[in-house]
>>> print(open('upload.tsv').read())   # TSV, C-alpha atoms
chain	number	residue	atom	x	y	z
B	26	MET	CA	-25.22	59.26	49.44
B	27	LYS	CA	-26.62	55.76	49.06
B	28	ASN	CA	-29.42	56.95	46.78
B	29	LYS	CA	-26.93	58.82	44.64
B	30	LEU	CA	-24.79	55.67	44.24
B	31	ILE	CA	-27.82	53.65	43.21
B	32	PHE	CA	-28.81	56.37	40.74
B	33	LEU	CA	-25.34	56.44	39.17
B	34	THR	CA	-25.19	52.63	38.96
B	35	GLY	CA	-28.60	52.52	37.33
B	36	ASN	CA	-27.64	55.16	34.80
B	37	PHE	CA	-24.42	53.27	34.02
B	38	ILE	CA	-26.30	50.03	33.38
B	39	VAL	CA	-28.84	51.83	31.20
B	40	ALA	CA	-26.00	53.40	29.21
B	41	ILE	CA	-24.37	50.01	28.68
B	42	LEU	CA	-27.63	48.49	27.51
B	43	LEU	CA	-28.21	51.43	25.22
B	44	VAL	CA	-24.75	51.13	23.66
B	45	TYR	CA	-25.19	47.35	23.33
B	46	SER	CA	-28.50	47.85	21.54
B	47	VAL	CA	-27.08	50.25	18.93
B	48	THR	CA	-23.67	48.64	18.24
B	49	PHE	CA	-22.34	45.24	17.15
B	50	GLN	CA	-18.87	43.73	16.83
B	51	VAL	CA	-17.71	41.88	13.68
B	52	GLN	CA	-14.76	39.48	14.13
B	53	PHE	CA	-12.10	39.10	11.44
B	54	ASN	CA	-13.32	35.55	10.64
B	55	GLN	CA	-16.97	36.57	10.41
B	56	SER	CA	-19.26	38.31	7.98
B	57	ALA	CA	-22.36	40.14	9.20
B	58	MET	CA	-25.70	40.97	7.62
B	59	VAL	CA	-27.89	43.73	9.02
B	60	LEU	CA	-31.65	43.13	8.68
B	61	THR	CA	-33.98	46.12	8.68
B	62	PHE	CA	-37.46	44.98	9.65
B	63	GLY	CA	-36.40	41.45	8.62
B	64	LYS	CA	-35.08	42.42	5.20
B	65	ALA	CA	-31.52	42.84	3.98
B	66	ALA	CA	-29.79	44.52	1.07
B	67	PRO	CA	-26.27	43.96	-0.38
B	68	SER	CA	-25.10	47.23	1.18
B	69	TYR	CA	-25.89	45.85	4.64
B	70	VAL	CA	-23.55	42.84	4.32
B	71	LEU	CA	-20.21	43.51	6.02
B	72	ASN	CA	-16.71	41.96	5.98
B	73	VAL	CA	-17.23	39.59	3.05
B	74	ALA	CA	-14.42	40.10	0.52
B	75	SER	CA	-11.81	41.31	3.04
B	76	GLU	CA	-11.29	41.95	6.74
B	77	ASP	CA	-11.35	45.75	6.43
B	78	GLU	CA	-14.87	45.98	7.84
B	79	ALA	CA	-14.11	43.95	10.96
B	80	GLY	CA	-14.61	45.85	14.20
B	81	LEU	CA	-17.33	47.94	15.88
B	82	HIS	CA	-20.37	49.11	13.90
B	83	TRP	CA	-23.57	51.05	14.63
B	84	LYS	CA	-27.15	49.93	14.07
B	85	TRP	CA	-30.67	50.84	15.03
B	86	PRO	CA	-31.91	49.03	18.11
B	87	TRP	CA	-34.27	46.08	17.89
B	88	PRO	CA	-36.91	45.72	16.46
B	89	VAL	CA	-35.77	48.10	13.74
B	90	GLN	CA	-32.55	46.27	12.94
B	91	GLN	CA	-30.93	42.99	13.92
B	92	VAL	CA	-27.62	41.40	12.92
B	93	LEU	CA	-26.91	37.88	11.66
B	94	PHE	CA	-23.32	36.55	11.76
B	95	PHE	CA	-21.79	33.99	9.36
B	96	ASP	CA	-18.53	32.10	9.82
B	97	LYS	CA	-16.17	32.78	6.90
B	98	ARG	CA	-13.82	29.88	7.68
B	99	LEU	CA	-13.74	26.60	5.78
B	100	ARG	CA	-15.99	23.87	7.09
B	101	ASN	CA	-15.57	20.15	6.55
B	102	LEU	CA	-18.55	17.99	5.64
B	103	GLU	CA	-18.15	14.20	5.40
B	104	ASP	CA	-20.66	12.08	3.57
B	105	ARG	CA	-21.54	8.51	4.50
B	106	LEU	CA	-20.25	5.41	2.69
B	107	GLU	CA	-22.15	4.71	-0.51
B	108	GLN	CA	-21.73	2.31	-3.42
B	109	GLN	CA	-20.63	3.58	-6.79
B	110	GLU	CA	-20.15	1.76	-10.09
B	111	THR	CA	-16.93	2.25	-12.05
B	112	LYS	CA	-16.42	2.47	-15.79
B	113	ASP	CA	-15.61	-1.25	-16.06
B	114	LYS	CA	-18.77	-2.22	-14.11
B	115	GLN	CA	-17.02	-2.85	-10.81
B	116	VAL	CA	-18.56	-1.73	-7.53
B	117	VAL	CA	-16.70	0.32	-4.93
B	118	ILE	CA	-17.87	1.93	-1.70
B	119	LEU	CA	-16.72	5.53	-1.32
B	120	LYS	CA	-16.62	8.01	1.53
B	121	THR	CA	-16.11	11.60	0.39
B	122	TYR	CA	-15.71	14.96	2.10
B	123	ILE	CA	-16.24	18.59	1.11
B	124	ALA	CA	-14.43	21.71	2.35
B	125	TRP	CA	-16.88	24.59	1.92
B	126	ARG	CA	-17.56	28.11	3.19
B	127	VAL	CA	-20.20	30.82	3.02
B	128	GLU	CA	-19.23	33.12	0.16
B	129	ASN	CA	-22.32	35.31	-0.13
B	130	PRO	CA	-24.28	35.66	3.13
B	131	LEU	CA	-27.23	37.34	1.39
B	132	LEU	CA	-27.79	34.49	-1.09
B	133	TYR	CA	-27.02	31.93	1.61
B	134	ARG	CA	-29.69	33.42	3.87
B	135	ARG	CA	-32.29	33.65	1.10
B	136	SER	CA	-31.79	30.14	-0.33
B	137	LEU	CA	-30.69	27.90	2.58
B	138	GLN	CA	-31.60	29.84	5.73
B	139	ASN	CA	-29.21	27.94	8.06
B	140	ASP	CA	-26.30	25.49	8.27
B	141	VAL	CA	-28.50	22.39	8.68
B	142	ASN	CA	-30.23	23.04	5.37
B	143	ALA	CA	-26.86	23.85	3.78
B	144	GLU	CA	-25.34	20.50	4.81
B	145	ARG	CA	-28.40	18.61	3.58
B	146	PHE	CA	-28.23	20.50	0.29
B	147	LEU	CA	-24.50	19.74	-0.14
B	148	ARG	CA	-24.96	16.04	0.59
B	149	ASP	CA	-27.65	15.77	-2.08
B	150	ARG	CA	-25.45	17.55	-4.62
B	151	MET	CA	-22.47	15.45	-3.62
B	152	ARG	CA	-24.29	12.19	-4.35
B	153	THR	CA	-25.10	13.51	-7.80
B	154	ALA	CA	-21.57	14.75	-8.50
B	155	ARG	CA	-20.05	11.47	-7.31
B	156	ALA	CA	-21.40	9.83	-10.47
B	157	GLU	CA	-18.18	11.09	-12.11
B	158	ILE	CA	-16.54	8.00	-10.63
B	159	GLY	CA	-18.26	6.11	-13.45
B	160	ASN	CA	-15.75	7.66	-15.86
B	161	PHE	CA	-12.83	5.87	-14.18
B	162	THR	CA	-11.95	2.18	-14.14
B	163	PHE	CA	-11.42	0.12	-11.03
B	164	ASP	CA	-7.65	-0.07	-11.64
B	165	GLU	CA	-7.50	3.73	-11.83
B	166	LEU	CA	-8.97	3.99	-8.33
B	167	THR	CA	-7.04	1.15	-6.65
B	168	ASN	CA	-3.74	-0.05	-8.03
B	169	ASN	CA	-0.42	-1.35	-6.72
B	170	ASP	CA	1.38	1.01	-9.09
B	171	PRO	CA	1.06	4.62	-7.86
B	172	ALA	CA	1.57	5.87	-11.41
B	173	GLN	CA	-1.67	4.12	-12.49
B	174	VAL	CA	-3.83	5.65	-9.73
B	175	HIS	CA	-6.04	8.55	-10.90
B	176	LEU	CA	-7.65	9.56	-7.62
B	177	PRO	CA	-6.64	13.26	-7.97
B	178	GLN	CA	-8.27	13.35	-11.41
B	179	ALA	CA	-11.43	11.73	-10.01
B	180	GLU	CA	-11.59	14.27	-7.17
B	181	GLU	CA	-11.08	17.12	-9.64
B	182	ALA	CA	-13.92	15.81	-11.83
B	183	ILE	CA	-16.28	15.62	-8.85
B	184	LEU	CA	-15.29	19.12	-7.74
B	185	LYS	CA	-15.89	20.57	-11.20
B	186	ARG	CA	-19.35	19.02	-11.49
B	187	LEU	CA	-20.29	20.13	-7.98
B	188	ARG	CA	-19.23	23.72	-8.66
B	189	ASN	CA	-21.20	23.79	-11.90
B	190	ASP	CA	-24.24	22.55	-10.01
B	191	LEU	CA	-23.88	25.20	-7.30
B	192	ASP	CA	-23.35	27.99	-9.83
B	193	GLY	CA	-26.81	27.34	-11.19
B	194	ASN	CA	-28.47	27.50	-7.75
B	195	ASP	CA	-27.13	30.86	-6.45
B	196	CYS	CA	-26.91	29.50	-2.92
B	197	GLY	CA	-23.98	31.64	-1.74
B	198	ILE	CA	-21.70	28.64	-1.06
B	199	ALA	CA	-18.14	28.21	-2.35
B	200	ILE	CA	-16.57	24.73	-2.58
B	201	ASN	CA	-12.86	24.74	-1.86
B	202	THR	CA	-11.97	21.03	-1.96
B	203	VAL	CA	-13.58	17.68	-2.68
B	204	GLY	CA	-11.74	14.57	-1.59
B	205	ILE	CA	-12.14	10.80	-1.47
B	206	LYS	CA	-11.42	9.88	2.12
B	207	ARG	CA	-11.94	6.14	1.94
B	208	ILE	CA	-12.50	3.39	-0.62
B	209	VAL	CA	-13.97	0.13	0.61
B	210	LEU	CA	-14.34	-2.93	-1.60
B	211	PRO	CA	-17.31	-5.30	-1.35
B	212	GLU	CA	-16.54	-8.79	-0.11
B	213	GLN	CA	-16.62	-10.43	-3.53
B	214	ILE	CA	-14.44	-7.67	-4.99
B	215	THR	CA	-12.02	-7.97	-2.06
B	216	ALA	CA	-11.52	-11.69	-2.74
B	217	ALA	CA	-10.89	-10.98	-6.43
B	218	VAL	CA	-8.42	-8.21	-5.54
B	219	PHE	CA	-6.55	-10.53	-3.17
B	220	ARG	CA	-6.36	-13.19	-5.89
B	221	GLN	CA	-5.02	-10.61	-8.30
B	222	MET	CA	-2.51	-9.40	-5.72
B	223	ARG	CA	-1.33	-12.98	-5.09
B	224	GLN	CA	-0.97	-13.57	-8.82
B	225	THR	CA	0.96	-10.33	-9.17
B	226	ARG	CA	3.26	-11.25	-6.28
B	227	GLN	CA	3.77	-14.76	-7.69
B	228	ARG	CA	4.58	-13.30	-11.10
B	229	LEU	CA	7.05	-10.88	-9.54
B	230	ALA	CA	8.59	-13.71	-7.51
B	231	GLN	CA	8.89	-15.87	-10.63
B	232	ASN	CA	10.52	-13.00	-12.49
B	233	ALA	CA	12.93	-12.53	-9.60
B	234	ARG	CA	13.75	-16.25	-9.55
B	235	SER	CA	14.28	-16.26	-13.33
B	236	GLU	CA	16.56	-13.24	-13.11
B	237	GLY	CA	18.44	-14.88	-10.22
B	238	GLU	CA	18.86	-18.13	-12.14
B	239	ALA	CA	20.11	-16.22	-15.20
B	240	ILE	CA	22.61	-14.34	-13.04
B	241	ALA	CA	23.66	-17.64	-11.37
B	242	ARG	CA	24.20	-19.28	-14.77
B	243	SER	CA	26.28	-16.32	-15.87
B	244	ILE	CA	28.36	-16.49	-12.69
B	245	ARG	CA	28.85	-20.25	-13.05
B	246	ALA	CA	29.87	-19.84	-16.70
B	247	ILE	CA	32.40	-17.16	-15.74
B	248	ALA	CA	33.67	-19.37	-12.89
B	249	ARG	CA	34.07	-22.37	-15.23
B	250	SER	CA	35.89	-20.20	-17.74
B	251	ASP	CA	38.20	-18.89	-15.03
B	252	GLU	CA	38.72	-22.42	-13.72
B	253	GLN	CA	39.67	-23.75	-17.15
B	254	ARG	CA	41.99	-20.82	-17.75
B	255	ILE	CA	43.68	-21.29	-14.34
B	256	LEU	CA	43.99	-25.05	-14.82
B	257	ALA	CA	45.43	-24.61	-18.30
B	258	PHE	CA	47.93	-22.08	-16.94
B	259	ALA	CA	48.82	-24.43	-14.05
B	260	GLN	CA	49.22	-27.39	-16.39
B	261	ARG	CA	51.51	-25.38	-18.66
B	262	ASN	CA	53.61	-24.35	-15.67
B	263	ALA	CA	53.65	-27.94	-14.36
B	264	GLN	CA	54.74	-29.26	-17.74
B	265	SER	CA	57.44	-26.60	-17.88
B	266	ILE	CA	58.63	-27.49	-14.37
B	267	ARG	CA	58.55	-31.22	-15.15
B	268	ALA	CA	60.51	-30.60	-18.33
B	269	GLU	CA	63.12	-28.63	-16.39
B	270	GLY	CA	63.23	-31.36	-13.73
B	271	ASP	CA	63.57	-34.09	-16.34
B	272	ALA	CA	66.38	-32.15	-18.01
B	273	ALA	CA	68.17	-31.70	-14.65
B	274	ALA	CA	67.59	-35.33	-13.67
B	275	ALA	CA	68.90	-36.52	-17.02
B	276	LYS	CA	72.34	-35.12	-16.13
B	277	TYR	CA	72.40	-37.15	-12.89
B	278	TYR	CA	71.08	-40.24	-14.64
B	279	ARG	CA	73.97	-40.09	-17.10
B	280	VAL	CA	76.43	-39.88	-14.20
B	281	PHE	CA	74.72	-42.64	-12.22
B	282	ALA	CA	74.55	-44.82	-15.33
B	283	GLN	CA	78.36	-45.02	-15.30
B	284	ASN	CA	78.29	-46.79	-11.88
B	285	GLU	CA	74.83	-48.08	-10.92
B	286	ASN	CA	75.88	-49.65	-7.61
B	287	PHE	CA	77.42	-46.42	-6.43
B	288	ALA	CA	74.28	-44.53	-7.45
B	289	ILE	CA	72.10	-46.92	-5.47
B	290	PHE	CA	74.37	-46.56	-2.46
B	291	ILE	CA	74.15	-42.74	-2.62
B	292	ARG	CA	70.34	-42.83	-2.80
B	293	LYS	CA	70.18	-45.16	0.18
B	294	LEU	CA	72.37	-42.80	2.20
B	295	GLU	CA	70.13	-39.88	1.31
B	296	ALA	CA	67.06	-41.87	2.39
B	297	LEU	CA	68.71	-42.82	5.71
B	298	GLU	CA	69.69	-39.20	6.33
B	299	THR	CA	66.09	-38.10	5.83
B	300	ILE	CA	64.59	-40.88	7.98
B	301	LEU	CA	67.07	-40.69	10.88
B	302	SER	CA	67.16	-36.89	11.08
B	303	THR	CA	64.64	-36.93	13.96
B	304	ASN	CA	65.18	-37.93	17.59
B	305	SER	CA	63.02	-41.02	17.33
B	306	THR	CA	63.60	-44.67	18.15
B	307	PHE	CA	63.04	-47.16	15.33
B	308	LEU	CA	62.87	-50.94	15.47
B	309	LEU	CA	63.76	-51.83	11.92
B	310	ASP	CA	64.56	-54.94	9.98
B	311	THR	CA	67.97	-54.60	8.34
B	312	LYS	CA	66.76	-56.74	5.49
B	313	LEU	CA	64.68	-53.78	4.24
B	314	GLU	CA	66.24	-51.15	2.06
B	315	PRO	CA	67.84	-48.77	2.79
B	316	PHE	CA	68.38	-50.14	6.31
B	317	ASP	CA	70.44	-53.00	4.93
B	318	LEU	CA	73.41	-50.60	5.05
B	319	LEU	CA	73.31	-50.83	8.86
B	320	LYS	CA	73.59	-54.62	8.91
B	321	ASP	CA	77.41	-54.89	8.81
B	322	ILE	CA	78.12	-51.84	11.05
B	323	GLU	CA	79.77	-52.65	14.43
B	324	PHE	CA	78.85	-50.22	17.24
B	325	GLY	CA	81.23	-49.16	20.01
B	326	ASN	CA	80.32	-51.57	22.91
B	327	ASP	CA	80.27	-54.68	20.76
B	328	LYS	CA	83.69	-53.84	19.23
B	329	THR	CA	85.26	-53.32	22.69
B	330	ALA	CA	83.92	-56.64	23.95
B	331	LYS	CA	85.41	-58.49	20.97
B	332	THR	CA	88.78	-56.79	21.53
B	333	ASP	CA	88.85	-57.81	25.23
B	334	GLU	CA	87.91	-61.33	24.31
B	335	THR	CA	90.83	-61.51	21.82
B	336	ARG	CA	93.26	-60.21	24.41
B	337	HIS	CA	92.11	-62.77	26.94
B	338	ASP	CA	92.61	-65.61	24.53
B	339	GLY	CA	96.09	-64.37	23.72
B	340	ASN	CA	97.21	-64.48	27.28
>>> encode(input="upload.tsv", output="structure tokens")
Amino acid sequence: MKNKLIFLTGNFIVAILLVYSVTFQVQFNQSAMVLTFGKAAPSYVLNVASEDEAGLHWKWPWPVQQVLFFDKRLRNLEDRLEQQETKDKQVVILKTYIAWRVENPLLYRRSLQNDVNAERFLRDRMRTARAEIGNFTFDELTNNDPAQVHLPQAEEAILKRLRNDLDGNDCGIAINTVGIKRIVLPEQITAAVFRQMRQTRQRLAQNARSEGEAIARSIRAIARSDEQRILAFAQRNAQSIRAEGDAAAAKYYRVFAQNENFAIFIRKLEALETILSTNSTFLLDTKLEPFDLLKDIEFGNDKTAKTDETRHDGN
């Protein structure tokens, strides 16, 4: 029984190894190339244009055939910072990146062999294609006004040149995107940019102050105009009121002119009524007008005392 179990287990392992040696699995994000005695033909490249050929496939066991797998997904390759001269002879330091993928595994295998060689090849071509930056001015690469920045156009120019270069090499690589990741300015350029930025900000501030002063002058002019109009209206009303008052007072003046002493007496009474209308104590000199009217008035206690004194003398 034990020998039978060992025999079955051994046969099962041999069957697995046999199946493994004559089959291979292609993932949906991979392409595969079958080499027969180290050589490949276009008909032995699988799952390139679509994912229909993904799955399990048969092959002859090694050393007759072997399978190489290639990742179909986009890969990102960043280049190092390098100086580049612009159209107006300014110097900028750029860092670029490439999004690429293996488009034709057969050509890729024949020309570049592996990913290390492919990245070295792309970096060399990228340095050449980056010369397109020389067709753009410094202000078109860095500018405070977004409408003046032409970075997308610069990236498109680099991408076009890089694709043209790769088309002539038949390397099996497709470039999806080229981008400028970073722009660094040399120290002397940075100082000049900061000076320009300060001048721009000062000019904007001066424009803002000028606009503010113009608006302030306009507001002050409107305020002065309103003030003059209000004062003129008030003066006309005051003159009208004074004229009405003078006309009303003229009637009383004509009456008072007939008896001036009586008029003075009436005005003194009115003044006393206004002054003595409060519950206050006043120490006043009866020589002052209009308090001189109180000088000859006899109050209750004094009048009673004089009456008693008269009676006493009579007795």
>>> residues_around(input="upload.tsv", residues="B:Gln91", least_positions_apart="5", cutoff="12 Å", atoms="only C-alpha atoms", output="JSON, numbers by chain")
{"B": [45, 46, 47, 48, 49, 57, 58, 59, 60, 61, 62, 63, 64, 65, 69, 83, 84, 85, 86]}
>>> atom_distance(input="upload.tsv", atom1="atom CA of B:Ala296", atom2="atom CA of B:Ser265")
27.1 Å
>>> closest_residue(input="upload.tsv", among="B:Ile300, B:Leu137, B:Val203, B:Val51", to="B:Asp104", atoms="all atoms listed in the file")
B:Val203
>>> residues_near_point(input="upload.tsv", point="(-15.0, 2.0, -18.9)", cutoff="7 Å", atoms="only C-alpha atoms", output="list in words")
Lys112, Asp113, Asn160, Phe161 and Thr162 of chain B
>>> closest_residue(input="upload.tsv", among="B:Leu256, B:Gln50, B:Glu269, B:Asn139", to="B:Gly80", atoms="all atoms listed in the file")
B:Gln50
>>> residues_around(input="upload.tsv", residues="B:Val209", least_positions_apart="5", cutoff="7 Å", atoms="only C-alpha atoms", output="short mmCIF file (atom, residue, chain, number, x, y, z; two decimals) with C-alpha atoms, keeping the file's coordinate frame")
data_model
loop_
_atom_site.label_atom_id
_atom_site.label_comp_id
_atom_site.auth_asym_id
_atom_site.auth_seq_id
_atom_site.Cartn_x
_atom_site.Cartn_y
_atom_site.Cartn_z
CA VAL B 117 -16.70 0.32 -4.93
CA ILE B 118 -17.87 1.93 -1.70
CA LEU B 119 -16.72 5.53 -1.32
#
>>> residues_around(input="upload.tsv", residues="stretch 219-226 of chain B", least_positions_apart="6", cutoff="12 Å", atoms="all atoms listed in the file", output="list of chain:residue names")
B:Asp164, B:Thr167, B:Asn168, B:Asn169, B:Asp170, B:Leu210, B:Glu212, B:Gln213, B:Asn232, B:Ala233
>>> closest_residue(input="upload.tsv", among="B:Leu297, B:Leu147, B:Ala239, B:Ala199", to="B:Leu99", atoms="only C-alpha atoms")
B:Ala199
>>> axis_aligned_box(input="upload.tsv", around="stretch 90-109 of chain B", padding_each_side="6 Å", output="lines of an AutoDock Vina configuration file")
center_x = -23.1
center_y = 24.3
center_z = 3.6
size_x = 30.8
size_y = 56.0
size_z = 32.7
>>> atom_distance(input="upload.tsv", atom1="atom CA of B:Lys97", atom2="atom CA of B:Gln55")
5.2 Å
>>> atom_distance(input="upload.tsv", atom1="atom CA of B:Lys206", atom2="atom CA of B:Asn142")
23.2 Å
>>> closest_residue(input="upload.tsv", among="B:Val70, B:Leu102, B:Val174, B:Leu166", to="B:Pro130", atoms="all atoms listed in the file")
B:Val70
>>> closest_residue(input="upload.tsv", among="B:Gln231, B:Arg100, B:Glu285, B:Phe53", to="B:Ala79", atoms="only C-alpha atoms")
B:Phe53
>>> closest_residue(input="upload.tsv", among="B:Arg126, B:Arg155, B:Lys120, B:Arg292", to="B:Asn201", atoms="all atoms listed in the file")
B:Arg126
>>> residues_near_point(input="upload.tsv", point="(-24.4, 28.8, -6.2)", cutoff="12 Å", atoms="all atoms listed in the file", output="ChimeraX atom specification")
/B:125-133,135-137,143,146-147,150,187-200
>>> decode(input="upload.tsv", residues="stretch 48-111 of chain B", atoms="C-alpha atoms", output="short mmCIF file (atom, residue, chain, number, x, y, z; two decimals), in the first residue's frame")
data_model
loop_
_atom_site.label_atom_id
_atom_site.label_comp_id
_atom_site.auth_asym_id
_atom_site.auth_seq_id
_atom_site.Cartn_x
_atom_site.Cartn_y
_atom_site.Cartn_z
CA THR B 48 2.28 24.96 -21.47
CA PHE B 49 2.60 28.63 -20.53
CA GLN B 50 0.19 31.25 -19.20
CA VAL B 51 -0.12 34.73 -20.75
CA GLN B 52 -1.63 37.45 -18.52
CA PHE B 53 -3.93 40.12 -19.94
CA ASN B 54 -1.26 42.81 -19.35
CA GLN B 55 1.52 40.79 -20.97
CA SER B 56 2.67 39.86 -24.43
CA ALA B 57 4.64 36.67 -25.03
CA MET B 58 7.18 35.61 -27.63
CA VAL B 59 7.92 31.94 -28.27
CA LEU B 60 11.53 31.19 -29.28
CA THR B 61 12.24 28.02 -31.24
CA PHE B 62 15.89 27.10 -30.82
CA GLY B 63 16.52 30.74 -29.83
CA LYS B 64 14.77 32.27 -32.84
CA ALA B 65 11.36 33.90 -33.13
CA ALA B 66 8.95 34.77 -35.90
CA PRO B 67 6.02 37.26 -35.96
CA SER B 68 3.55 34.37 -35.78
CA TYR B 69 5.02 33.34 -32.42
CA VAL B 70 4.29 36.68 -30.73
CA LEU B 71 1.08 36.53 -28.69
CA ASN B 72 -1.33 39.05 -27.10
CA VAL B 73 0.09 42.20 -28.67
CA ALA B 74 -2.73 44.16 -30.32
CA SER B 75 -5.51 42.89 -28.02
CA GLU B 76 -6.12 40.67 -25.01
CA ASP B 77 -7.81 37.89 -26.99
CA GLU B 78 -4.73 35.67 -26.83
CA ALA B 79 -4.37 35.90 -23.05
CA GLY B 80 -4.66 32.56 -21.26
CA LEU B 81 -3.13 29.07 -21.49
CA HIS B 82 -1.03 28.07 -24.51
CA TRP B 83 0.96 25.01 -25.60
CA LYS B 84 4.63 24.83 -26.53
CA TRP B 85 7.39 22.32 -27.05
CA PRO B 86 9.43 21.66 -23.94
CA TRP B 87 12.86 23.16 -23.43
CA PRO B 88 15.31 23.20 -25.19
CA VAL B 89 13.12 23.21 -28.28
CA GLN B 90 11.06 26.23 -27.29
CA GLN B 91 11.15 28.84 -24.56
CA VAL B 92 8.89 31.81 -23.81
CA LEU B 93 9.81 35.44 -23.13
CA PHE B 94 7.23 37.75 -21.49
CA PHE B 95 6.94 41.53 -21.99
CA ASP B 96 4.92 43.95 -19.88
CA LYS B 97 2.39 45.83 -22.05
CA ARG B 98 1.66 48.53 -19.47
CA LEU B 99 3.00 52.08 -19.60
CA ARG B 100 6.30 52.66 -17.86
CA ASN B 101 7.60 55.95 -16.54
CA LEU B 102 11.20 56.98 -17.14
CA GLU B 103 12.56 60.17 -15.54
CA ASP B 104 15.69 61.82 -16.82
CA ARG B 105 18.13 63.76 -14.66
CA LEU B 106 18.32 67.56 -14.47
CA GLU B 107 20.21 69.06 -17.40
CA GLN B 108 20.82 72.57 -18.69
CA GLN B 109 19.14 73.75 -21.85
CA GLU B 110 19.41 77.05 -23.72
CA THR B 111 16.25 78.88 -24.76
#
